[in-house]
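Colleague: Pasting entry29.cif here (mmCIF, C-alpha atoms):
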data_my_file
loop_
_atom_site.label_atom_id
_atom_site.label_comp_id
_atom_site.auth_asym_id
_atom_site.auth_seq_id
_atom_site.Cartn_x
_atom_site.Cartn_y
_atom_site.Cartn_z
CA MET A 7 -53.43 23.80 0.80
CA LYS A 8 -52.55 24.91 4.32
CA LEU A 9 -49.00 25.70 5.37
CA TYR A 10 -48.14 22.47 7.20
CA GLU A 11 -49.39 20.38 4.31
CA GLU A 12 -47.40 22.56 1.93
CA LEU A 13 -44.23 22.07 3.98
CA LYS A 14 -44.72 18.31 3.75
CA ALA A 15 -45.35 18.49 0.01
CA ARG A 16 -42.13 20.48 -0.42
CA GLY A 17 -40.17 17.75 1.38
CA LEU A 18 -39.28 19.94 4.35
CA ILE A 19 -40.57 17.80 7.21
CA ALA A 20 -38.83 14.63 8.32
CA GLN A 21 -39.87 13.89 11.92
CA VAL A 22 -42.27 15.39 14.45
CA THR A 23 -43.20 14.60 18.04
CA ASN A 24 -46.95 15.18 17.73
CA GLU A 25 -47.97 15.76 14.15
CA GLU A 26 -51.62 16.58 14.74
CA LEU A 27 -50.90 19.25 17.34
CA ILE A 28 -47.93 20.69 15.44
CA ARG A 29 -49.96 20.85 12.23
CA ASP A 30 -52.72 22.83 13.95
CA MET A 31 -50.29 25.22 15.63
CA VAL A 32 -48.42 25.93 12.40
CA ASN A 33 -51.57 26.33 10.31
CA GLU A 34 -53.20 28.62 12.86
CA GLY A 35 -50.11 30.80 13.27
CA LYS A 36 -49.74 29.85 16.96
CA ALA A 37 -46.19 28.50 16.86
CA THR A 38 -43.41 30.42 18.54
CA PHE A 39 -40.46 28.45 17.28
CA TYR A 40 -36.71 28.64 17.32
CA ILE A 41 -33.92 27.52 15.03
CA GLY A 42 -30.36 27.58 16.31
CA PHE A 43 -27.32 28.92 14.47
CA ASP A 44 -23.85 28.27 15.87
CA CYS A 45 -21.81 31.25 14.71
CA THR A 46 -18.54 29.58 13.78
CA ALA A 47 -17.96 31.95 10.84
CA ASP A 48 -18.80 35.55 9.99
CA SER A 49 -21.28 34.59 7.29
CA LEU A 50 -24.14 32.19 6.76
CA THR A 51 -23.81 29.75 3.86
CA ALA A 52 -26.01 28.17 1.22
CA GLY A 53 -26.34 25.31 3.70
CA HIS A 54 -28.51 27.58 5.88
CA PHE A 55 -30.99 28.29 3.10
CA VAL A 56 -33.50 25.63 4.13
CA ALA A 57 -33.72 27.10 7.63
CA LEU A 58 -33.89 30.70 6.42
CA THR A 59 -36.63 30.12 3.87
CA LEU A 60 -38.56 27.97 6.37
CA MET A 61 -38.52 30.83 8.88
CA LYS A 62 -39.76 33.16 6.15
CA ARG A 63 -42.66 30.84 5.25
CA LEU A 64 -43.70 30.37 8.88
CA GLN A 65 -43.53 34.07 9.71
CA ALA A 66 -45.66 34.92 6.68
CA ALA A 67 -48.37 32.63 8.12
CA GLY A 68 -48.37 34.44 11.46
CA ASN A 69 -45.95 32.26 13.41
CA LYS A 70 -43.18 33.89 15.45
CA PRO A 71 -39.53 32.98 14.70
CA ILE A 72 -36.75 33.09 17.25
CA ALA A 73 -33.29 33.05 15.72
CA LEU A 74 -31.09 31.56 18.41
CA ILE A 75 -27.46 32.56 18.11
CA GLY A 76 -25.31 29.93 19.80
CA GLY A 77 -22.90 32.25 21.54
CA GLY A 78 -22.65 29.79 24.42
CA THR A 79 -22.84 26.50 22.54
CA THR A 80 -20.31 27.71 19.97
CA LEU A 81 -17.80 27.88 22.83
CA VAL A 82 -18.28 24.12 23.24
CA GLY A 83 -18.77 22.89 19.67
CA ASP A 84 -21.44 20.61 18.25
CA PRO A 85 -20.16 17.06 17.55
CA SER A 86 -23.12 16.27 15.27
CA GLY A 87 -21.98 14.99 11.89
CA ARG A 88 -18.34 15.74 12.66
CA THR A 89 -15.25 13.57 12.89
CA ASP A 90 -13.06 16.12 14.65
CA MET A 91 -13.33 18.84 17.25
CA ARG A 92 -14.14 22.35 16.14
CA LYS A 93 -11.71 25.19 16.62
CA MET A 94 -12.78 27.20 19.67
CA LEU A 95 -13.53 30.89 19.08
CA THR A 96 -13.26 33.86 21.42
CA ILE A 97 -16.37 35.59 22.72
CA GLU A 98 -15.42 38.65 20.66
CA ASP A 99 -15.28 36.56 17.48
CA ILE A 100 -18.65 34.99 18.26
CA ASN A 101 -20.31 38.37 18.91
CA HIS A 102 -18.94 39.72 15.63
CA ASN A 103 -20.24 36.68 13.75
CA ALA A 104 -23.65 37.05 15.39
CA GLU A 105 -23.97 40.62 14.09
CA CYS A 106 -23.08 39.44 10.59
CA PHE A 107 -25.75 36.72 10.82
CA ARG A 108 -28.43 39.20 11.84
CA ARG A 109 -27.78 41.46 8.86
CA GLN A 110 -28.11 38.49 6.50
CA MET A 111 -31.21 37.11 8.24
CA GLU A 112 -32.97 40.46 7.87
CA ARG A 113 -33.29 39.72 4.16
CA PHE A 114 -35.52 36.76 5.02
CA ILE A 115 -37.40 37.57 8.22
CA GLU A 116 -38.63 40.77 9.88
CA PHE A 117 -37.33 41.54 13.35
CA GLY A 118 -39.10 43.78 15.83
CA PRO A 119 -41.71 43.86 18.61
CA GLY A 120 -44.24 41.08 18.07
CA LYS A 121 -42.24 39.81 15.09
CA ALA A 122 -39.04 37.80 14.83
CA LYS A 123 -36.56 37.96 17.67
CA MET A 124 -32.85 37.19 17.90
CA VAL A 125 -31.47 35.81 21.15
CA ASN A 126 -28.02 34.60 22.19
CA ASN A 127 -27.75 31.56 24.43
CA ALA A 128 -24.57 32.99 25.94
CA ASP A 129 -26.92 35.26 27.91
CA TRP A 130 -28.10 32.33 30.01
CA LEU A 131 -25.61 29.49 29.49
CA LEU A 132 -22.61 31.50 30.67
CA LYS A 133 -24.41 32.37 33.91
CA LEU A 134 -25.09 28.76 34.89
CA ASN A 135 -23.46 27.27 37.96
CA TYR A 136 -21.96 23.95 36.94
CA VAL A 137 -22.94 22.01 40.06
CA GLU A 138 -26.43 23.46 39.96
CA LEU A 139 -26.75 22.48 36.30
CA LEU A 140 -25.73 18.91 37.12
CA ARG A 141 -28.28 18.72 39.93
CA GLU A 142 -31.17 20.45 38.18
CA VAL A 143 -30.69 19.29 34.58
CA GLY A 144 -28.11 16.50 34.43
CA THR A 145 -30.25 14.14 36.49
CA HIS A 146 -32.81 14.03 33.67
CA PHE A 147 -30.36 12.65 31.07
CA SER A 148 -29.40 9.01 30.70
CA VAL A 149 -25.78 8.52 29.64
CA ASN A 150 -26.78 5.23 27.98
CA ASN A 151 -29.36 7.01 25.84
CA MET A 152 -26.95 9.81 24.99
CA LEU A 153 -24.31 7.37 23.77
CA ARG A 154 -26.87 5.75 21.48
CA ALA A 155 -27.54 9.09 19.77
CA GLU A 156 -26.15 9.37 16.24
CA CYS A 157 -24.43 12.66 17.02
CA TYR A 158 -22.20 10.86 19.54
CA LYS A 159 -21.93 7.43 17.93
CA ASN A 160 -20.19 8.91 14.89
CA ARG A 161 -17.47 10.38 17.11
CA MET A 162 -16.83 7.48 19.46
CA GLU A 163 -14.24 5.76 17.26
CA LYS A 164 -12.02 8.84 16.90
CA GLY A 165 -12.67 10.13 20.37
CA LEU A 166 -15.39 12.28 21.91
CA SER A 167 -14.26 14.78 24.52
CA PHE A 168 -16.25 15.29 27.71
CA PHE A 169 -16.25 18.95 26.69
CA GLU A 170 -18.35 18.15 23.59
CA PHE A 171 -20.39 15.53 25.43
CA ASN A 172 -22.13 18.39 27.24
CA TYR A 173 -23.50 19.84 24.00
CA MET A 174 -26.77 17.88 24.12
CA ILE A 175 -27.49 19.09 27.64
CA MET A 176 -26.76 22.69 26.68
CA GLN A 177 -28.96 22.59 23.57
CA SER A 178 -31.73 20.94 25.57
CA TYR A 179 -31.45 23.68 28.17
CA ASP A 180 -31.89 26.27 25.39
CA PHE A 181 -35.37 24.94 24.59
CA TYR A 182 -36.22 24.72 28.29
CA TYR A 183 -35.12 28.34 28.82
CA LEU A 184 -36.92 29.68 25.76
CA PHE A 185 -40.09 27.79 26.70
CA GLN A 186 -40.11 29.50 30.09
CA HIS A 187 -38.95 32.99 29.12
CA GLU A 188 -40.06 33.50 25.49
CA GLY A 189 -43.16 31.31 25.23
CA CYS A 190 -41.35 29.15 22.68
CA ASN A 191 -43.41 26.02 22.05
CA MET A 192 -41.63 24.48 19.07
CA GLN A 193 -38.12 23.92 17.73
CA PHE A 194 -36.90 23.11 14.25
CA GLY A 195 -33.60 21.60 13.16
CA GLY A 196 -31.86 19.21 10.79
CA ASP A 197 -32.00 15.43 11.01
CA ASP A 198 -28.64 15.28 12.77
CA GLN A 199 -30.09 17.39 15.59
CA TRP A 200 -33.00 15.07 16.39
CA SER A 201 -31.50 13.56 19.56
CA ASN A 202 -30.58 16.99 20.91
CA MET A 203 -34.05 18.31 20.11
CA LEU A 204 -35.79 15.42 21.84
CA GLY A 205 -33.59 16.10 24.86
CA GLY A 206 -35.06 19.58 25.16
CA THR A 207 -38.61 18.34 24.68
CA GLU A 208 -38.21 15.71 27.39
CA LEU A 209 -36.51 18.17 29.77
CA ILE A 210 -39.53 20.48 29.61
CA ARG A 211 -41.90 17.61 30.28
CA LYS A 212 -39.88 16.26 33.21
CA LYS A 213 -39.12 19.61 34.82
CA LEU A 214 -42.39 21.43 34.19
CA GLY A 215 -44.90 18.72 33.36
CA GLN A 216 -45.89 20.63 30.24
CA ASP A 217 -45.74 19.96 26.49
CA ALA A 218 -43.44 21.49 23.94
CA HIS A 219 -42.58 20.00 20.62
CA ALA A 220 -39.69 19.21 18.33
CA MET A 221 -39.78 19.00 14.59
CA THR A 222 -36.99 18.28 12.12
CA ILE A 223 -36.58 19.50 8.58
CA THR A 224 -34.69 17.64 5.91
CA LEU A 225 -31.46 19.14 4.65
CA LEU A 226 -30.94 19.57 0.93
CA THR A 227 -28.68 16.92 -0.59
CA ASP A 228 -26.29 17.13 -3.50
CA SER A 229 -25.79 14.52 -6.22
CA ASN A 230 -23.53 12.46 -3.95
CA GLY A 231 -26.21 12.25 -1.28
CA GLN A 232 -24.16 14.39 1.11
CA LYS A 233 -25.83 17.18 3.02
CA MET A 234 -25.35 20.49 1.32
CA GLY A 235 -24.68 22.27 4.59
CA LYS A 236 -21.75 19.92 5.22
CA THR A 237 -20.28 20.06 1.72
CA ALA A 238 -20.61 22.65 -1.01
CA GLY A 239 -22.75 24.93 1.16
CA ASN A 240 -19.74 25.64 3.34
CA ALA A 241 -17.97 27.23 0.37
CA VAL A 242 -20.98 29.19 -0.92
CA TRP A 243 -21.31 32.12 1.45
CA LEU A 244 -24.11 34.68 1.65
CA ASP A 245 -21.52 37.42 2.24
CA PRO A 246 -20.72 39.01 -1.16
CA ASP A 247 -17.11 39.57 -0.08
CA LYS A 248 -16.69 35.80 0.31
CA THR A 249 -18.88 34.61 -2.57
CA THR A 250 -19.69 37.23 -5.19
CA PRO A 251 -23.30 37.52 -6.39
CA TYR A 252 -22.16 36.08 -9.73
CA GLU A 253 -20.52 33.07 -8.07
CA PHE A 254 -23.59 32.60 -5.89
CA TYR A 255 -25.83 32.70 -8.98
CA GLN A 256 -23.58 30.25 -10.82
CA TYR A 257 -23.64 27.79 -7.92
CA TRP A 258 -27.40 27.37 -8.30
CA ARG A 259 -27.29 27.68 -12.10
CA ASN A 260 -24.89 24.72 -12.23
CA LEU A 261 -26.79 22.31 -10.00
CA PRO A 262 -26.98 18.71 -11.28
CA ASP A 263 -30.16 18.00 -13.25
CA ALA A 264 -31.23 15.40 -10.70
CA ASP A 265 -31.28 17.97 -7.89
CA ILE A 266 -32.98 20.95 -9.46
CA LEU A 267 -36.66 20.13 -8.81
CA ASN A 268 -36.02 19.21 -5.18
CA CYS A 269 -34.17 22.50 -4.72
CA ILE A 270 -37.02 24.45 -6.30
CA ARG A 271 -39.55 22.72 -4.03
CA MET A 272 -37.58 23.29 -0.85
CA LEU A 273 -36.02 26.70 -1.41
CA SER A 274 -38.14 28.69 -3.83
CA PHE A 275 -41.51 30.32 -3.25
CA LYS A 276 -42.97 29.19 -6.55
CA PRO A 277 -46.45 27.62 -6.21
CA LEU A 278 -46.43 23.83 -6.00
CA GLU A 279 -48.80 23.62 -8.96
CA GLU A 280 -46.21 25.42 -11.10
CA ILE A 281 -43.43 23.14 -9.85
CA GLN A 282 -45.48 20.02 -10.61
CA GLN A 283 -45.67 21.11 -14.24
CA MET A 284 -41.86 21.09 -14.34
CA GLU A 285 -41.61 17.41 -13.40
CA SER A 286 -41.70 16.37 -17.06
CA TRP A 287 -39.07 18.92 -18.07
CA GLU A 288 -35.75 17.80 -19.50
CA GLY A 289 -32.79 19.14 -21.45
CA SER A 290 -32.98 22.87 -22.13
CA GLN A 291 -36.09 23.14 -19.95
CA LEU A 292 -34.08 22.03 -16.93
CA ASN A 293 -31.51 24.71 -17.73
CA GLN A 294 -34.36 27.20 -17.73
CA ALA A 295 -35.46 25.89 -14.31
CA LYS A 296 -31.92 26.29 -12.96
CA ALA A 297 -31.76 29.88 -14.18
CA MET A 298 -35.13 30.61 -12.56
CA LEU A 299 -33.98 29.23 -9.21
CA ALA A 300 -30.59 30.96 -9.40
CA PHE A 301 -32.25 34.32 -10.07
CA GLU A 302 -34.81 33.92 -7.28
CA LEU A 303 -32.27 32.92 -4.63
CA THR A 304 -29.72 35.54 -5.69
CA THR A 305 -32.46 38.17 -5.46
CA MET A 306 -33.29 37.02 -1.92
CA VAL A 307 -29.70 37.33 -0.75
CA HIS A 308 -28.22 40.16 -2.83
CA GLY A 309 -31.18 42.06 -4.24
CA GLU A 310 -32.73 42.21 -7.71
CA GLU A 311 -30.11 44.53 -9.22
CA GLU A 312 -27.23 42.19 -8.37
CA ALA A 313 -29.27 39.20 -9.52
CA GLU A 314 -29.85 40.86 -12.89
CA ARG A 315 -26.13 41.56 -13.26
CA ALA A 316 -25.25 37.98 -12.41
CA GLN A 317 -27.85 36.70 -14.82
CA ALA A 318 -26.56 38.92 -17.64
CA ALA A 319 -22.98 37.78 -17.06
CA SER A 320 -24.03 34.14 -17.01
CA GLN A 321 -26.02 34.50 -20.23
CA ALA A 322 -23.06 36.17 -21.93
CA LEU A 323 -20.77 33.31 -20.96
CA PHE A 324 -23.20 30.56 -21.86
CA ALA A 325 -23.67 32.24 -25.22
CA GLY A 326 -19.94 31.93 -25.75
CA GLY A 327 -19.19 35.63 -25.83
CA GLY A 328 -17.42 35.77 -22.53
CA SER A 329 -17.53 39.54 -22.46
CA GLY A 330 -20.02 40.07 -19.65
CA GLU A 331 -18.83 42.94 -17.49
CA ASN A 332 -20.05 41.22 -14.33
CA VAL A 333 -17.91 38.10 -14.73
CA PRO A 334 -15.65 37.50 -11.69
CA SER A 335 -12.24 39.02 -12.30
CA TYR A 336 -8.72 38.71 -10.93
CA ASN A 337 -6.18 41.52 -10.97
CA LEU A 338 -2.75 40.30 -11.96
CA THR A 339 -0.09 41.21 -9.39
CA GLU A 340 3.67 41.61 -9.57
CA GLU A 341 4.06 38.43 -7.52
CA ASP A 342 2.31 36.43 -10.26
CA VAL A 343 4.86 37.46 -12.87
CA LYS A 344 8.08 35.42 -13.00
CA GLU A 345 10.85 36.28 -15.43
CA GLY A 346 8.56 38.67 -17.27
CA GLN A 347 5.74 36.15 -17.78
CA VAL A 348 2.80 34.59 -15.97
CA ASP A 349 2.13 30.93 -16.67
CA ILE A 350 -1.20 29.13 -16.99
CA LEU A 351 -0.81 27.19 -13.74
CA THR A 352 -0.22 30.39 -11.77
CA LEU A 353 -3.28 31.99 -13.37
CA LEU A 354 -5.52 29.05 -12.49
CA VAL A 355 -4.45 29.02 -8.84
CA ALA A 356 -4.34 32.81 -8.37
CA SER A 357 -7.81 33.26 -9.91
CA GLY A 358 -9.25 30.60 -7.60
CA LEU A 359 -10.31 28.26 -10.40
CA THR A 360 -8.07 25.57 -8.89
CA LYS A 361 -6.78 25.18 -5.36
CA THR A 362 -3.29 23.90 -6.17
CA ARG A 363 -0.80 23.85 -9.03
CA SER A 364 -1.16 20.08 -9.09
CA GLU A 365 -4.89 20.41 -9.73
CA ALA A 366 -4.21 23.12 -12.31
CA ARG A 367 -1.68 20.89 -14.10
CA GLN A 368 -4.15 18.03 -14.24
CA SER A 369 -6.91 20.27 -15.60
CA VAL A 370 -4.66 21.52 -18.40
CA LEU A 371 -3.41 18.04 -19.35
CA GLN A 372 -6.98 16.73 -19.43
CA GLY A 373 -8.01 19.45 -21.88
CA GLY A 374 -10.33 21.24 -19.50
CA VAL A 375 -8.78 24.72 -19.68
CA SER A 376 -9.19 27.47 -22.25
CA VAL A 377 -8.11 31.08 -22.58
CA ASN A 378 -10.29 33.39 -24.67
CA GLU A 379 -12.23 30.31 -25.85
CA GLU A 380 -9.07 28.57 -27.13
CA LYS A 381 -8.08 25.32 -25.42
CA VAL A 382 -4.74 25.31 -23.60
CA THR A 383 -2.98 21.94 -23.35
CA ASP A 384 0.58 23.08 -22.66
CA ILE A 385 1.33 23.40 -18.94
CA LYS A 386 4.17 25.80 -19.82
CA ALA A 387 1.89 28.23 -21.67
CA ALA A 388 2.61 31.77 -20.48
CA TRP A 389 1.83 35.41 -21.28
CA LYS A 390 3.69 38.66 -20.86
CA PRO A 391 1.67 41.25 -18.90
CA GLU A 392 1.43 43.50 -21.96
CA GLU A 393 -0.08 40.62 -23.94
CA ILE A 394 -3.08 40.48 -21.65
CA GLY A 395 -4.41 43.71 -23.06
CA GLU A 396 -7.07 46.09 -21.77
CA GLU A 397 -9.92 43.58 -22.00
CA GLY A 398 -7.99 40.88 -20.14
CA LEU A 399 -7.97 37.13 -20.59
CA LEU A 400 -11.11 35.04 -20.14
CA LEU A 401 -9.89 32.01 -18.23
CA LYS A 402 -12.19 28.99 -18.26
CA LYS A 403 -11.95 25.65 -16.43
CA GLY A 404 -14.45 23.01 -17.45
CA LYS A 405 -17.83 24.17 -18.70
CA LYS A 406 -18.92 26.18 -15.70
CA SER A 407 -15.99 27.97 -14.03
CA TYR A 408 -14.84 31.32 -15.42
CA CYS A 409 -12.65 34.23 -14.42
CA LYS A 410 -11.41 37.28 -16.27
CA VAL A 411 -7.73 38.05 -15.63
CA VAL A 412 -6.95 41.75 -15.94
CA ARG A 413 -3.88 43.91 -15.39
CA GLU A 414 -3.77 46.28 -12.43
#
Show how you would write the structure in this file as structure tokens.
Modeller:
Amino acid sequence: MKLYEELKARGLIAQVTNEELIRDMVNEGKATFYIGFDCTADSLTAGHFVALTLMKRLQAAGNKPIALIGGGTTLVGDPSGRTDMRKMLTIEDINHNAECFRRQMERFIEFGPGKAKMVNNADWLLKLNYVELLREVGTHFSVNNMLRAECYKNRMEKGLSFFEFNYMIMQSYDFYYLFQHEGCNMQFGGDDQWSNMLGGTELIRKKLGQDAHAMTITLLTDSNGQKMGKTAGNAVWLDPDKTTPYEFYQYWRNLPDADILNCIRMLSFKPLEEIQQMESWEGSQLNQAKAMLAFELTTMVHGEEEAERAQAASQALFAGGGSGENVPSYNLTEEDVKEGQVDILTLLVASGLTKTRSEARQSVLQGGVSVNEEKVTDIKAAWKPEEIGEEGLLLKKGKKSYCKVVRE
């Protein structure tokens, strides 16, 4: 099976502008393609995994990736899939975030002469003369067509600023610029980017009378049908200081049964024939599949050694021992101790297992909390610091969230 056909079989392709031509370019390693990343944070998330693994697959087949850092477009903010306006960042923040992105991308694709390239659209967008842009580019965009685009329709009720309205033109100009200066003949993006991507394709045709192509990839969905990049992915960072390797491993290990095979198809590099054999799996076999995926993805992001540690900690917890040395831990502080004790609600919030005391209270009352494998149902349960001991307390919420509380 050739690469394009494999991408379709893995559920990665949603829409294309010219499937026959795109298929041949991808299969023959003739695509110079870009995927854009607006650097609104200093780390990529699990929501970027589809794009990162896609770039890896395409580069392995001889195609050339361009990782476009949206230094310019991040200053404006993409309204796609949003109900509010993004917080605007400084140029210094954006440049810092871009450097963080590159370090994480290097685990997936190889940069260098003739290989992958990283560019920043601030290098050309910030130099544009506004009146010139309106004359040279704006005349090729119909306001009526733009307002029909999903990325704008979703914002019309709550208000779409003229500032954000320019985003489609700027993203379209990116493709136009890269086509002229980098030989970029293809762009990839999520479904919510389709209108913006078509804008770039049409701009090239109208301005230059030449062909370039757009292609969208599907975004992984969770059990609620919401896009992972817009939901849980935002909390699952690739930066180990934000999401530890163990927490990253556990995120994939705890996927809903209904999602696991789709995730394996889209994100892993296991042969399709092997994945097809898993389609009849159920029960403990699905748990095995989750562990396989969690290990593979954790290895990609954090390396095999960290993946092995995370796996060992997970196995220890699932076996009921709870003594794995790589379990996430929280160091008790003086601020946590009130009147010589630390209560269960404080522990749950401080350890990050719950966001608020209200959530912690509800978890305890519903019987979903245990300490050292013993259920805690009293919201006033508390421990003196000396009672925690050298090995600490294994705090557990539900079946899948753990943290070891230790004394400083």
Colleague: Measure the distance from atom CA of Glu208 of chain A to atom CA of Gly120 of chain A in Å and round it to one decimal.
Modeller: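 A separation of 27.7 Å between them.
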Colleague: Using all atoms listed in the file, which residues sit within 12 Å of segment 139-150 of chain A once same-chain residues fewer than 3 positions away are excluded, as a PyMOL selection string?
Modeller: chain A and resi 130-136+153-155+158-159+168+171-180+182-183+201-202+204-214
Colleague: Go ahead and save the picked residues with C-alpha atoms, as a PDB file, in the frame of the given file.
Modeller:
ATOM      1  CA  TRP A 130     -28.100  32.330  30.010  1.00  0.00           C
ATOM      2  CA  LEU A 131     -25.610  29.490  29.490  1.00  0.00           C
ATOM      3  CA  LEU A 132     -22.610  31.500  30.670  1.00  0.00           C
ATOM      4  CA  LYS A 133     -24.410  32.370  33.910  1.00  0.00           C
ATOM      5  CA  LEU A 134     -25.090  28.760  34.890  1.00  0.00           C
ATOM      6  CA  ASN A 135     -23.460  27.270  37.960  1.00  0.00           C
ATOM      7  CA  TYR A 136     -21.960  23.950  36.940  1.00  0.00           C
ATOM      8  CA  LEU A 153     -24.310   7.370  23.770  1.00  0.00           C
ATOM      9  CA  ARG A 154     -26.870   5.750  21.480  1.00  0.00           C
ATOM     10  CA  ALA A 155     -27.540   9.090  19.770  1.00  0.00           C
ATOM     11  CA  TYR A 158     -22.200  10.860  19.540  1.00  0.00           C
ATOM     12  CA  LYS A 159     -21.930   7.430  17.930  1.00  0.00           C
ATOM     13  CA  PHE A 168     -16.250  15.290  27.710  1.00  0.00           C
ATOM     14  CA  PHE A 171     -20.390  15.530  25.430  1.00  0.00           C
ATOM     15  CA  ASN A 172     -22.130  18.390  27.240  1.00  0.00           C
ATOM     16  CA  TYR A 173     -23.500  19.840  24.000  1.00  0.00           C
ATOM     17  CA  MET A 174     -26.770  17.880  24.120  1.00  0.00           C
ATOM     18  CA  ILE A 175     -27.490  19.090  27.640  1.00  0.00           C
ATOM     19  CA  MET A 176     -26.760  22.690  26.680  1.00  0.00           C
ATOM     20  CA  GLN A 177     -28.960  22.590  23.570  1.00  0.00           C
ATOM     21  CA  SER A 178     -31.730  20.940  25.570  1.00  0.00           C
ATOM     22  CA  TYR A 179     -31.450  23.680  28.170  1.00  0.00           C
ATOM     23  CA  ASP A 180     -31.890  26.270  25.390  1.00  0.00           C
ATOM     24  CA  TYR A 182     -36.220  24.720  28.290  1.00  0.00           C
ATOM     25  CA  TYR A 183     -35.120  28.340  28.820  1.00  0.00           C
ATOM     26  CA  SER A 201     -31.500  13.560  19.560  1.00  0.00           C
ATOM     27  CA  ASN A 202     -30.580  16.990  20.910  1.00  0.00           C
ATOM     28  CA  LEU A 204     -35.790  15.420  21.840  1.00  0.00           C
ATOM     29  CA  GLY A 205     -33.590  16.100  24.860  1.00  0.00           C
ATOM     30  CA  GLY A 206     -35.060  19.580  25.160  1.00  0.00           C
ATOM     31  CA  THR A 207     -38.610  18.340  24.680  1.00  0.00           C
ATOM     32  CA  GLU A 208     -38.210  15.710  27.390  1.00  0.00           C
ATOM     33  CA  LEU A 209     -36.510  18.170  29.770  1.00  0.00           C
ATOM     34  CA  ILE A 210     -39.530  20.480  29.610  1.00  0.00           C
ATOM     35  CA  ARG A 211     -41.900  17.610  30.280  1.00  0.00           C
ATOM     36  CA  LYS A 212     -39.880  16.260  33.210  1.00  0.00           C
ATOM     37  CA  LYS A 213     -39.120  19.610  34.820  1.00  0.00           C
ATOM     38  CA  LEU A 214     -42.390  21.430  34.190  1.00  0.00           C
TER      39      LEU A 214
END
Colleague: Write out as a ChimeraX atom specification the residues lying within 8 Å of segment 266-279 of chain A, counting all atoms listed in the file and excluding same-chain residues fewer than 3 positions away.
Modeller: /A:16-18,55-56,59,226,261-263,282-285,292,295-296,299,302-303
Colleague: Closest to Phe43 of chain A among A:Val242, A:Met124, A:Ile281, A:Leu401, using only C-alpha atoms?
Modeller: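 Selected residue with least distance to Phe43 of chain A: A:Met124.
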Colleague: Report as a list in words all protein, DNA and RNA residues lying within 8 Å of Trp243 of chain A, evaluated on all atoms listed in the file, omitting residues in the same chain fewer than 3 positions from it.
Modeller: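 Final neighbour list, sorted by chain and number: Ser49, Leu50, Thr51, Ala52, Gly239, Asn240, Pro246, Lys248, Thr249 and Phe254 of chain A.
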Colleague: Please produce a file of those selected residues containing C-alpha atoms, as a JSON list (two decimals), keeping the file's coordinate frame.
Modeller:
[["chain", "number", "residue", "atom", "x", "y", "z"],
["A", 49, "SER", "CA", -21.28, 34.59, 7.29],
["A", 50, "LEU", "CA", -24.14, 32.19, 6.76],
["A", 51, "THR", "CA", -23.81, 29.75, 3.86],
["A", 52, "ALA", "CA", -26.01, 28.17, 1.22],
["A", 239, "GLY", "CA", -22.75, 24.93, 1.16],
["A", 240, "ASN", "CA", -19.74, 25.64, 3.34],
["A", 246, "PRO", "CA", -20.72, 39.01, -1.16],
["A", 248, "LYS", "CA", -16.69, 35.80, 0.31],
["A", 249, "THR", "CA", -18.88, 34.61, -2.57],
["A", 254, "PHE", "CA", -23.59, 32.60, -5.89]]
Colleague: Quote the spacing between atom CA of Met61 of chain A and atom CA of Thr96 of chain A in Å to one decimal place.
Modeller: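 Atom-to-atom, atom CA of Met61 of chain A and atom CA of Thr96 of chain A are spaced 28.4 Å apart.
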Colleague: Can you list, as a PyMOL selection string, the residues that the PyMOL selection byres ((chain A and resi 365) around 12) selects here?
Modeller: chain A and resi 350-352+354-355+358-364+366-372+374-375+385+403
Colleague: Skipping near chain neighbours, those fewer than 6 positions away, what residues fall within 6 Å of Asn127 of chain A using all atoms listed in the file, listed as a VMD selection string?
Modeller: chain A and resid 76 to 78
Colleague: Considering all atoms listed in the file, state which residue in the set A:His308, A:Lys410, A:Lys390, A:Arg315 is at the smallest distance from Glu340 of chain A.
Modeller: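 Using all atoms listed in the file, the shortest distance to Glu340 of chain A belongs to A:Lys390.
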Colleague: Any idea what the distance is between atom CA of Asn337 of chain A and atom CA of Trp258 of chain A?
Modeller: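 Atom-to-atom, atom CA of Asn337 of chain A and atom CA of Trp258 of chain A are spaced 25.6 Å apart.
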